[in-house]
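Visitor: Mind looking over this structure? Questions follow.
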Amino acid sequence: MPKKKLRMGWFSFACCEDSTMVFVELLNENFFKWKKLLDIRYARVLRRKNKINNLDVSFVEGAIATEKDAKKLKEIRENSKKLIAIGSCAINGMPAAQRNIFDEERKKEIAFLIKRFKQTDKVRTVKEIVNIDDEVPGCPMDENIFLNILDKYLKEFGINA
Amino acid sequence: MHKEKDIKIENISKIEGHGSLDIKIADGKVKYVKLKIIENKRFFTQAIRGKLALSLPQMTARICGTCSIAHSTCCLEAVESAIKLKPSEQTMLLRKLSMYGMMIRDHAMHLYLFCLPDLLGKDSILDFDKSQENLIKKALAVKSSGNNLSKIVAGRAIHATFTEVGRFSHIPSQEDIKKIIKELKSVRDYTMEFAQMFYDSNFRLERDTDFVSLVTKDYSFLQGEIKDSRGLKIPEEDYWGHLTRVVIPYSQASGYQFEGRGYMVGALARMNLNKNNLDSNTKKDMSKFINVFPSKNIFHNNLAQAIEILHSIDHSIKILESSDFKEEPHTPIQVKEGDGVGLIEAPRGTLYYMLSVNKEGKIRFGNIIVPTAQNQINMERDIAQLVEKNIDMEKKRLEFEIEKLIRAYDPCMSCASHFLRINWI
């Protein structure tokens with residue numbers, strides 16, 4: 001019988017994808033180990049065929065700037081047993097949410113673009129929209145905290161090498 | 001047959017950031033190609049106004065994760081040019097090394113993680129079989145050497161911590177230098193192997209276009225003169241005067257024309273215009289690949305990147321072996337009022353910063369032009385040509401061919417969507 005693996009997804013919303021890059025760099029050391037432990041079901045950075053369904057753990061990077069993204073985030077939540085917010089934009093919104101604190105002059109300048117691209121009035125953090133189970137702070141995310149959290153959930157889901 | 005059919009690709013995979021594509025076909029002709037950068041705008045151009053110039057490079061580094069060091073380096077140049085501060089020679093060498101670390105890592109990610117599966121007929125590096133595992137090991141070893149070079153020189157690869165206006169806050173230790181030279185040497189052969197694979201690839205799309213790049217004397221991406229394939233030469237600070245901004249209403253980024261026409265920036269442009277200045281060891285070992293250039297085949301952008309990886313390794317080794325880095329005194333910086341331009345070659349092409357600093361040392365306004373925005377018009381035209389040439393191709397296969405072409409350009413949607421608006425003209 002094939003060994004049980006952690007069904008995981010890696011998602012990104014409004015951000016610079018710096019934590020995705022840290023994740024991609026962590027592959028340098030961990031690729032073959034993770035291949036045995038992780039079933040990466042969703043990672044647009046690595047593959048074309050992606051599915052949001054029955055995930056054990058979802059990692060979510062970036063802030064939420066549109067209703068469409070909010071809807072997708074809710075879909076991820078509904079299909080994930082655990083959801084982890086990754087990096088500064090997901091956790092406290094910044095710097096993706098910098099327009100929230102713009103003065104009136106700047107708000108006026110960008111108003112037509114907010115409307116054209118159906119962005120919401122405020123950029124929101126991940127936990128303003130869904131419940132989260134953990135977070136990995138940093139800009140980009142702190143790689144040691146990420147590795148510890150990954151270990152924690154591998155244990156929780158009974159997955160070992 | 002889909003002579004009347006439309007093509008829609010949502011969320012293009014294996015590129016940096018979010019992009020999608022709409023193509024309308026009628027009577028066997030492409031009516032339009034809309035490459036949409038759907039990465040949400042983060043309004044950096046507005047946000048930088050009023051910020052302290054000396055802290056700005058750390059802020060604009062956050063425009064992009066993967067080419068963060070390009071943004072911070074270009075911003076440093078612009079700030080230094082605005083406040084008339086000349087960094088030391090040692091600082092320039094360390095900047096070259098941090099740029100090389102980024103080039104190795106970023107090109108390796110694009111070539112080996114995003115494009116290599118296309119060459120081998122797989123969706124993802126995750127689907128490689130046992131016999132291909134060795135290839136993955138080599139790919140990750142090359143990528144890791146770039147990551148480690150950035151770490152020892154710039155503090156970290158993503159949002160570097162040692163880079164400051166005028167200086168580096170930390171210099172690499174002799175022990176770290178020895179280690180990284182050894183590591184860089186150990187991956188040289190692998191880079192040759194991968195370049196051979198991209199050389200052997202039969203992917204092809206040719207169309208006449210103008211190639212534009214900063215031409216540097218040592219191919220170090222930092223200082224030189226802008227050239228194009230028609231022989232034009234422009235000083236860095238005049239670049240903006242040769243560009244026309246084109247509003248693309250369906251995309252969260254602007255497009256640009258150079259001298260009133262579509263053009264291409266990036267590794268292919270650099271190799272076409274500047275291959276003579278590659279490192280001598282790279283030239284010796286990769287002459288067969290370098291002889292392919294100048295080329296009009298857009299897929300040779302990948303081969304050009306493969307050559308740039310080895311150049312970045314070889315030139316880094318030379319700098320590291322011949323330099324004796326010393327702590328430099330930290331003198332407080334006198335901030336002056338002024339305007340300045342920074343222009344460098346980022347992994348995906350020419351990156352331009354124009355900053356105006358007021359007498360309090362704060363940003364009055366700024367203008368940032370990224371490579372992907374400059375390539376947008378060219379990308380759409382190339383996609384249109386690809387579709388018209390293969391109009392009878394089965395739809396799924398054609399979609400795959402289009403994605404392959406977009407990936408060859410190596411677009412970066414995070415960069416493109418930082419928001420450009422020029423409001424001082």
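In the structure tokens, the first chain shown is A, the next is B, and so on; residue numbers restart at 1 for each chain, and ligands run from 1 in the order shown.
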Show me, as a ChimeraX atom specification, the residues that have an atom within 9 Å of B:Leu119 when counting only C-alpha atoms, minus same-chain residues fewer than 5 positions from it.
Guide: /B:197-198,201,203
Visitor: Mind dumping the selected residues with C-alpha atoms as a JSON list (two decimals), in the first residue's frame?
Guide:
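And here's out.json as it stands now:
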[["chain", "number", "residue", "atom", "x", "y", "z"],
["B", 197, "MET", "CA", 19.49, 20.60, -23.55],
["B", 198, "PHE", "CA", 18.19, 24.05, -24.41],
["B", 201, "SER", "CA", 15.55, 21.91, -28.22],
["B", 203, "PHE", "CA", 11.15, 24.95, -30.01]]
Visitor: So that I can see what lies close to A:Ile64, please list as an mmCIF file with C-alpha atoms, in the first residue's frame the residues with an atom at most 12 Å from it, counting only C-alpha atoms and leaving out residues fewer than 5 positions away in the same chain.
Guide:
data_model
loop_
_atom_site.group_PDB
_atom_site.id
_atom_site.type_symbol
_atom_site.label_atom_id
_atom_site.label_comp_id
_atom_site.auth_asym_id
_atom_site.auth_seq_id
_atom_site.Cartn_x
_atom_site.Cartn_y
_atom_site.Cartn_z
ATOM 1 C CA PHE A 11 -1.682 29.509 -2.767
ATOM 2 C CA SER A 12 -0.792 33.116 -3.421
ATOM 3 C CA PHE A 13 -2.869 36.297 -3.557
ATOM 4 C CA ALA A 14 -1.800 39.979 -3.723
ATOM 5 C CA CYS A 15 1.893 40.057 -2.790
ATOM 6 C CA ASP A 69 -10.004 36.342 -4.314
ATOM 7 C CA ALA A 70 -12.082 36.343 -1.104
ATOM 8 C CA LYS A 71 -14.358 33.720 -2.666
ATOM 9 C CA LYS A 72 -11.391 31.600 -3.692
ATOM 10 C CA LEU A 73 -9.941 31.871 -0.192
ATOM 11 C CA LYS A 74 -13.252 30.654 1.275
ATOM 12 C CA ALA A 85 -1.257 32.225 6.708
ATOM 13 C CA CYS A 89 0.900 40.390 3.413
ATOM 14 C CA ALA A 90 -1.297 37.452 4.475
ATOM 15 C CA ILE A 91 -0.909 38.121 8.195
ATOM 16 C CA ASN A 92 -1.037 41.912 8.544
ATOM 17 C CA GLY A 93 -1.741 42.989 4.970
ATOM 18 C CA MET A 94 1.461 44.938 4.438
ATOM 19 C CA PRO A 95 2.801 46.062 2.094
ATOM 20 C CA ALA A 96 0.062 44.842 -0.304
ATOM 21 C CA ALA A 97 -2.514 46.793 1.754
ATOM 22 C CA GLN A 119 -10.783 45.760 -6.114
ATOM 23 C CA THR A 120 -12.513 46.025 -2.749
ATOM 24 C CA ASP A 121 -12.450 49.313 -0.772
ATOM 25 C CA LYS A 122 -9.953 47.872 1.684
ATOM 26 C CA VAL A 123 -7.307 45.233 1.183
ATOM 27 C CA ARG A 124 -7.904 42.530 3.802
ATOM 28 C CA THR A 125 -5.731 40.023 5.614
ATOM 29 C CA VAL A 126 -6.398 36.302 5.353
ATOM 30 C CA LYS A 127 -7.871 36.050 8.846
ATOM 31 C CA GLU A 128 -10.296 38.904 8.211
ATOM 32 C CA ILE A 129 -12.005 36.507 5.813
ATOM 33 C CA VAL A 130 -11.457 32.971 7.102
ATOM 34 C CA GLU B 39 -1.891 40.240 -10.270
ATOM 35 C CA ASN B 40 -3.650 42.891 -8.212
ATOM 36 C CA LYS B 41 -2.095 46.315 -8.245
ATOM 37 C CA ARG B 42 -0.308 47.254 -5.056
#
Visitor: List as a Markdown table every residue of chain B that is in contact with chain A, defined as an atom at most 8 Å from one of its atoms (using only C-alpha atoms), together with the nearest atom pair and the distance in Å rounded to one decimal, sorted by chain and then rising number.
Guide:
| residue | atom | partner | partner_atom | distance |
| --- | --- | --- | --- | --- |
| B:Ile12 | CA | A:Arg48 | CA | 7.6 |
| B:Ser13 | CA | A:Arg44 | CA | 5.1 |
| B:Lys14 | CA | A:Val45 | CA | 4.5 |
| B:Ile15 | CA | A:Val45 | CA | 6.3 |
| B:Glu16 | CA | A:Val45 | CA | 7.0 |
| B:Gly17 | CA | A:Glu17 | CA | 7.1 |
| B:Glu39 | CA | A:Ala14 | CA | 6.6 |
| B:Asn40 | CA | A:Ala14 | CA | 5.7 |
| B:Lys41 | CA | A:Ala14 | CA | 7.8 |
| B:Arg42 | CA | A:Ala96 | CA | 5.3 |
| B:Phe43 | CA | A:Arg99 | CA | 6.9 |
| B:Gln46 | CA | A:Arg106 | CA | 6.6 |
| B:Ala47 | CA | A:Gln98 | CA | 6.9 |
| B:Arg62 | CA | A:Cys16 | CA | 6.2 |
| B:Ile63 | CA | A:Cys16 | CA | 5.7 |
| B:Cys64 | CA | A:Cys16 | CA | 4.6 |
| B:Gly65 | CA | A:Asp18 | CA | 3.8 |
| B:Thr66 | CA | A:Met21 | CA | 6.2 |
| B:Leu113 | CA | A:Leu46 | CA | 7.0 |
| B:Phe114 | CA | A:Leu46 | CA | 6.9 |
| B:Asp123 | CA | A:Arg47 | CA | 5.9 |
| B:Ser124 | CA | A:Arg47 | CA | 5.0 |
| B:Ile125 | CA | A:Leu46 | CA | 7.2 |
| B:Leu126 | CA | A:Leu46 | CA | 7.7 |
| B:Leu140 | CA | A:Asn28 | CA | 4.9 |
| B:Ala141 | CA | A:Asn28 | CA | 6.9 |
| B:Lys143 | CA | A:Asn28 | CA | 7.3 |
| B:Ser144 | CA | A:Asn28 | CA | 6.0 |
| B:Asn147 | CA | A:Glu25 | CA | 7.5 |
| B:Ile158 | CA | A:Asp18 | CA | 6.5 |
| B:His159 | CA | A:Pro140 | CA | 7.2 |
| B:Gln252 | CA | A:Phe117 | CA | 7.7 |
| B:Ser414 | CA | A:Cys16 | CA | 5.4 |
| B:Cys415 | CA | A:Cys16 | CA | 7.7 |
Visitor: Keeping only N, CA and C atoms, write those residues as a compact mmCIF listing (two decimals), in the first residue's frame.
Guide:
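Here's the written file again-v1.txt:
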# COMPACT_ATOMS: atom_id res chain seq x y z
N ILE B 12 -2.14 31.29 -15.90
CA ILE B 12 -1.00 30.64 -16.56
C ILE B 12 -0.05 30.10 -15.49
N SER B 13 0.37 28.85 -15.64
CA SER B 13 1.19 28.24 -14.59
C SER B 13 2.67 28.39 -14.87
N LYS B 14 3.46 28.11 -13.85
CA LYS B 14 4.92 28.11 -13.93
C LYS B 14 5.49 29.41 -14.49
N ILE B 15 4.93 30.51 -14.03
CA ILE B 15 5.52 31.82 -14.27
C ILE B 15 5.49 32.52 -12.91
N GLU B 16 6.10 33.68 -12.81
CA GLU B 16 6.07 34.40 -11.55
C GLU B 16 4.80 35.24 -11.52
N GLY B 17 3.91 35.00 -10.59
CA GLY B 17 2.71 35.82 -10.44
C GLY B 17 1.54 35.32 -11.28
N GLU B 39 -2.46 39.97 -11.59
CA GLU B 39 -1.89 40.24 -10.27
C GLU B 39 -2.47 41.58 -9.82
N ASN B 40 -3.02 41.63 -8.61
CA ASN B 40 -3.65 42.89 -8.21
C ASN B 40 -2.64 43.99 -7.95
N LYS B 41 -2.98 45.17 -8.42
CA LYS B 41 -2.09 46.31 -8.25
C LYS B 41 -1.87 46.59 -6.77
N ARG B 42 -0.63 46.96 -6.45
CA ARG B 42 -0.31 47.25 -5.06
C ARG B 42 0.13 48.71 -4.88
N PHE B 43 0.09 49.48 -5.95
CA PHE B 43 0.22 50.94 -5.89
C PHE B 43 1.51 51.45 -5.24
N GLN B 46 2.47 55.27 -5.87
CA GLN B 46 1.89 56.25 -4.94
C GLN B 46 2.53 56.13 -3.56
N ALA B 47 2.72 54.86 -3.16
CA ALA B 47 3.15 54.63 -1.78
C ALA B 47 4.56 55.17 -1.50
N ARG B 62 10.29 44.99 -2.16
CA ARG B 62 9.04 44.23 -1.98
C ARG B 62 8.11 44.30 -3.19
N ILE B 63 8.53 44.97 -4.26
CA ILE B 63 7.72 44.91 -5.49
C ILE B 63 7.75 43.49 -6.02
N CYS B 64 8.88 42.83 -5.85
CA CYS B 64 9.03 41.49 -6.44
C CYS B 64 9.82 40.58 -5.52
N GLY B 65 9.35 39.34 -5.36
CA GLY B 65 10.08 38.38 -4.55
C GLY B 65 11.32 37.88 -5.26
N THR B 66 11.14 37.33 -6.45
CA THR B 66 12.27 36.63 -7.06
C THR B 66 13.37 37.58 -7.54
N LEU B 113 12.98 24.65 -13.28
CA LEU B 113 11.70 24.30 -12.66
C LEU B 113 10.51 24.60 -13.57
N PHE B 114 10.59 25.71 -14.31
CA PHE B 114 9.44 26.10 -15.14
C PHE B 114 9.53 25.54 -16.56
N ASP B 123 4.39 17.73 -16.97
CA ASP B 123 3.73 18.93 -16.46
C ASP B 123 4.61 19.63 -15.44
N SER B 124 5.31 18.82 -14.64
CA SER B 124 6.00 19.42 -13.50
C SER B 124 7.22 18.61 -13.11
N ILE B 125 8.15 19.30 -12.50
CA ILE B 125 9.33 18.64 -11.94
C ILE B 125 8.90 17.59 -10.90
N LEU B 126 7.70 17.78 -10.32
CA LEU B 126 7.17 16.83 -9.34
C LEU B 126 6.82 15.49 -9.99
N LEU B 140 18.91 21.56 -8.71
CA LEU B 140 18.81 22.17 -7.38
C LEU B 140 20.19 22.61 -6.89
N ALA B 141 21.24 21.89 -7.29
CA ALA B 141 22.59 22.27 -6.87
C ALA B 141 22.98 23.62 -7.49
N LYS B 143 20.88 26.01 -8.55
CA LYS B 143 20.02 27.01 -7.94
C LYS B 143 20.53 27.36 -6.54
N SER B 144 20.92 26.34 -5.81
CA SER B 144 21.39 26.53 -4.45
C SER B 144 22.68 27.36 -4.40
N ASN B 147 21.65 30.93 -4.59
CA ASN B 147 21.02 31.30 -3.32
C ASN B 147 22.10 31.55 -2.25
N ILE B 158 16.25 36.75 -0.87
CA ILE B 158 14.99 37.45 -1.08
C ILE B 158 14.90 38.57 -0.03
N HIS B 159 14.79 39.80 -0.48
CA HIS B 159 14.79 40.99 0.38
C HIS B 159 16.09 41.05 1.21
N GLN B 252 -3.45 44.83 -15.61
CA GLN B 252 -3.12 45.66 -14.45
C GLN B 252 -1.72 46.25 -14.61
N SER B 414 4.28 39.95 -10.75
CA SER B 414 4.36 40.76 -9.53
C SER B 414 4.98 42.11 -9.83
N CYS B 415 6.08 42.07 -10.59
CA CYS B 415 6.75 43.32 -10.97
C CYS B 415 5.81 44.20 -11.77
Visitor: From the list B:Asn297, B:Ser145, B:Thr73, B:Asn291, which residue is nearest B:Ala108 when using only C-alpha atoms?
Guide: B:Ser145
Visitor: Considering only alpha helix (DSSP H) as DSSP defines it on the backbone, what residues of stretch 44-81 of chain A qualify? List them as a count of residues only.
Guide: 12
Visitor: As an exercise, work out the distance from atom CA of B:Glu175 to atom CA of B:Thr91 in Å and give it to one decimal place.
Guide: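 For atom CA of B:Glu175 relative to atom CA of B:Thr91, the distance reads 19.6 Å.
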Visitor: What is the distance, in Å and to one decimal place, between atom CA of B:Phe211 and atom CA of B:Lys227?
Guide: 8.3 Å
Visitor: So, with only C-alpha atoms as the atoms that count, which of B:Leu232, B:Ile48, B:Val142, B:Ile181 lies closest to B:Leu111?
Guide: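 With only C-alpha atoms as the atom set, the closest residue is B:Val142.
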Visitor: Take atom CA of B:Lys96 and atom CA of B:Ser229 and report the distance between them in Å, one decimal.
Guide: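 Atom-to-atom, atom CA of B:Lys96 to atom CA of B:Ser229, that is 25.3 Å.
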Visitor: Mind the document's chain letters and residue numbers, and return as a PyMOL selection string the residues of stretch 178-320 of chain B that DSSP labels strand (DSSP E or B).
Guide: chain B and resi 206+210-216+224-228+233-235+243-246+255-258+261+263-264+297
Visitor: Just N, CA and C atoms for this one: save the residues we selected as an mmCIF file, in the first residue's frame.
Guide:
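Final file, out07.cif:
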data_model
loop_
_atom_site.group_PDB
_atom_site.id
_atom_site.type_symbol
_atom_site.label_atom_id
_atom_site.label_comp_id
_atom_site.auth_asym_id
_atom_site.auth_seq_id
_atom_site.Cartn_x
_atom_site.Cartn_y
_atom_site.Cartn_z
ATOM 1 N N GLU B 206 10.097 32.710 -34.690
ATOM 2 C CA GLU B 206 10.905 33.857 -35.114
ATOM 3 C C GLU B 206 10.021 34.974 -35.630
ATOM 4 N N ASP B 210 12.820 44.622 -32.385
ATOM 5 C CA ASP B 210 14.007 45.352 -31.956
ATOM 6 C C ASP B 210 14.406 44.845 -30.572
ATOM 7 N N PHE B 211 15.672 44.498 -30.416
ATOM 8 C CA PHE B 211 16.166 44.079 -29.108
ATOM 9 C C PHE B 211 16.844 45.260 -28.432
ATOM 10 N N VAL B 212 16.541 45.456 -27.153
ATOM 11 C CA VAL B 212 17.081 46.607 -26.419
ATOM 12 C C VAL B 212 17.699 46.105 -25.109
ATOM 13 N N SER B 213 18.877 46.616 -24.795
ATOM 14 C CA SER B 213 19.518 46.187 -23.551
ATOM 15 C C SER B 213 20.565 47.193 -23.093
ATOM 16 N N LEU B 214 20.842 47.145 -21.790
ATOM 17 C CA LEU B 214 21.985 47.870 -21.256
ATOM 18 C C LEU B 214 23.219 47.035 -21.608
ATOM 19 N N VAL B 215 24.165 47.650 -22.321
ATOM 20 C CA VAL B 215 25.378 46.920 -22.696
ATOM 21 C C VAL B 215 26.491 47.321 -21.731
ATOM 22 N N THR B 216 26.979 46.334 -20.969
ATOM 23 C CA THR B 216 28.003 46.610 -19.956
ATOM 24 C C THR B 216 29.321 45.991 -20.407
ATOM 25 N N GLY B 224 26.523 50.920 -17.974
ATOM 26 C CA GLY B 224 26.934 50.932 -19.375
ATOM 27 C C GLY B 224 26.089 51.882 -20.180
ATOM 28 N N GLU B 225 25.720 51.411 -21.343
ATOM 29 C CA GLU B 225 25.031 52.253 -22.304
ATOM 30 C C GLU B 225 23.889 51.429 -22.900
ATOM 31 N N ILE B 226 22.748 52.079 -23.150
ATOM 32 C CA ILE B 226 21.632 51.363 -23.785
ATOM 33 C C ILE B 226 21.923 51.233 -25.274
ATOM 34 N N LYS B 227 21.738 50.025 -25.794
ATOM 35 C CA LYS B 227 21.871 49.843 -27.249
ATOM 36 C C LYS B 227 20.662 49.077 -27.762
ATOM 37 N N ASP B 228 20.419 49.211 -29.075
ATOM 38 C CA ASP B 228 19.377 48.369 -29.676
ATOM 39 C C ASP B 228 19.935 47.703 -30.931
ATOM 40 N N LYS B 233 22.475 54.151 -29.734
ATOM 41 C CA LYS B 233 23.170 54.179 -28.440
ATOM 42 C C LYS B 233 22.611 55.326 -27.620
ATOM 43 N N ILE B 234 22.252 55.041 -26.378
ATOM 44 C CA ILE B 234 21.619 56.051 -25.523
ATOM 45 C C ILE B 234 22.236 55.987 -24.126
ATOM 46 N N PRO B 235 22.563 57.134 -23.528
ATOM 47 C CA PRO B 235 23.012 57.080 -22.129
ATOM 48 C C PRO B 235 21.866 56.619 -21.217
ATOM 49 N N LEU B 243 10.947 56.102 -24.717
ATOM 50 C CA LEU B 243 9.827 55.172 -24.497
ATOM 51 C C LEU B 243 8.483 55.878 -24.640
ATOM 52 N N THR B 244 7.496 55.130 -25.087
ATOM 53 C CA THR B 244 6.124 55.629 -25.093
ATOM 54 C C THR B 244 5.303 54.671 -24.253
ATOM 55 N N ARG B 245 4.572 55.207 -23.303
ATOM 56 C CA ARG B 245 3.733 54.354 -22.477
ATOM 57 C C ARG B 245 2.429 54.081 -23.206
ATOM 58 N N VAL B 246 2.006 52.824 -23.200
ATOM 59 C CA VAL B 246 0.767 52.447 -23.878
ATOM 60 C C VAL B 246 -0.185 51.895 -22.816
ATOM 61 N N GLY B 255 1.874 48.935 -21.060
ATOM 62 C CA GLY B 255 2.848 48.428 -22.019
ATOM 63 C C GLY B 255 3.742 49.583 -22.452
ATOM 64 N N TYR B 256 4.831 49.275 -23.160
ATOM 65 C CA TYR B 256 5.739 50.328 -23.626
ATOM 66 C C TYR B 256 6.188 50.078 -25.052
ATOM 67 N N GLN B 257 6.442 51.176 -25.762
ATOM 68 C CA GLN B 257 7.108 51.099 -27.058
ATOM 69 C C GLN B 257 8.451 51.804 -26.931
ATOM 70 N N PHE B 258 9.435 51.293 -27.699
ATOM 71 C CA PHE B 258 10.750 51.938 -27.758
ATOM 72 C C PHE B 258 10.851 52.566 -29.131
ATOM 73 N N ARG B 261 7.903 51.694 -31.335
ATOM 74 C CA ARG B 261 7.618 50.328 -31.777
ATOM 75 C C ARG B 261 7.749 49.325 -30.640
ATOM 76 N N TYR B 263 9.193 46.089 -28.740
ATOM 77 C CA TYR B 263 10.595 45.672 -28.630
ATOM 78 C C TYR B 263 10.708 44.593 -27.584
ATOM 79 N N MET B 264 11.882 44.037 -27.477
ATOM 80 C CA MET B 264 12.073 43.001 -26.474
ATOM 81 C C MET B 264 13.297 43.291 -25.616
ATOM 82 N N ASN B 297 14.978 33.825 -32.632
ATOM 83 C CA ASN B 297 14.102 32.800 -32.076
ATOM 84 C C ASN B 297 13.859 33.084 -30.596
#
Visitor: Name the closest residue to B:Ala267 among the candidates B:Ala306, B:Ile402, B:Ala154, B:Ala160; distances are taken between atoms, counting only C-alpha atoms.
Guide: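 Among B:Ala306, B:Ile402, B:Ala154, B:Ala160, it is B:Ala306 that comes nearest to B:Ala267.
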Visitor: Go through B:Glu259, B:Ile377, B:Glu237, B:Phe400 one by one, measure the shortest atom-to-atom distance of each to B:Lys122 using only C-alpha atoms, and give the residue with the smallest value.
Guide: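 That would be B:Phe400, the residue with the smallest distance to B:Lys122.
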Visitor: Extract, using only C-alpha atoms, all DNA, RNA and protein residues at most 12 Å from B:Ser322, discarding same-chain residues fewer than 3 positions from it, and format them as a list in words.
Guide: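 Returned residues: Gln90, Leu93, Ile177, Lys178, Ile181, His315, Ser316, Ile317, Lys318, Ile319 and Phe325 of chain B.
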